[in-house]
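Engineer: Got a structure here, written out as structure tokens. Questions coming.
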Amino acid sequence: MTGKRCYNKKEAIQYFGIDLSAFETYIEPELEGKGIAIGSCLVYEARDLDMAWDAFKKKAKRDAAAAATPAPAPSPAAAKKPKVQVKGAMPSPESSSAAWNAAVKKVLAKDKSKKK
């Protein structure tokens with residue numbers, strides 16, 4: 001016969017070699033519904049403790065890999081600002097040259113009338 005079959009919470013913490021806070025945060029959620037009540041004591045089978053450790057280890061490795069993976073850079077299309085047309089706004093130089101020239105003339109004419 002090798003080792004113990006069942007462990008109470010205090011023994012389970014010693015089995016893992018971790019502190020109470022780490023056990024309650026990382027391991028105990030994996031043991032939910034697996035403990036067996038014996039009187040006022042809740043015990044866990046060694047195989048359930050091992051499976052809880054394996055589940056925690058798998059999540060920890062996945063989380064570490066996700067944290068190490070850099071976020072993808074935004075695509076050039078996503079980085080471009082959308083063009084917003086505002087009523088009465090001056091057209092951009094990229095728009096047709098006729099519209100641009102007309103807008104420039106309009107602004108210059110208003111500017112001349114203000115100076116008089």
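By convention in this document, the chains of the structure tokens carry letters A, B, ... by their order, each chain's residues are numbered from 1, and ligands are numbered from 1 in the order they are shown.
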Determine, counting only C-alpha atoms, which protein, DNA and RNA residues have an atom within 6 Å of an atom of Tyr7 (chain A); residues of the same chain fewer than 2 positions away are not included. Present the result as an NGL selection string.
Structural biologist: :A and (11-12 or 43-44)
Engineer: Can I get the selection written as an mmCIF file, in the first residue's frame, with C-alpha atoms?
Structural biologist:
```cif
data_model
loop_
_atom_site.group_PDB
_atom_site.id
_atom_site.type_symbol
_atom_site.label_atom_id
_atom_site.label_comp_id
_atom_site.auth_asym_id
_atom_site.auth_seq_id
_atom_site.Cartn_x
_atom_site.Cartn_y
_atom_site.Cartn_z
ATOM 1 C CA GLU A 11 -3.440 17.586 4.959
ATOM 2 C CA ALA A 12 -4.240 18.464 1.340
ATOM 3 C CA VAL A 43 -11.919 14.661 2.880
ATOM 4 C CA TYR A 44 -10.553 14.398 -0.638
#
```
Engineer: List as a VMD selection string the protein and nucleic acid residues near Arg47 (chain A), meaning an atom at most 12 Å away when only C-alpha atoms are counted, but skip any in the same chain fewer than 4 places from it.
Structural biologist: chain A and resid 3 to 7 12 15 31 34 to 35 43 51 to 54
Engineer: Give me, as a list in words, all polymer residues having an atom no more than 9 Å from Ala55 (chain A), counting only C-alpha atoms and skipping those fewer than 5 positions away in the same chain.
Structural biologist: Ile27, Glu30, Asp50 and Ala60 of chain A
Engineer: Report, in Å with one decimal, the straight-line distance from CA of Leu20 (chain A) to CA of Ala66 (chain A).
Structural biologist: 26.8 Å
Engineer: Hey, can you check how far CA of Ile18 (chain A) sits from CA of Ala37 (chain A)?
Structural biologist: 22.9 Å
Engineer: Which one is closest to Leu42 (chain A): A:Ser97, A:Asn8, A:Thr69, A:Gln14? Count only C-alpha atoms.
Structural biologist: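 Between A:Ser97, A:Asn8, A:Thr69, A:Gln14, the residue approaching Leu42 (chain A) most closely is A:Asn8.
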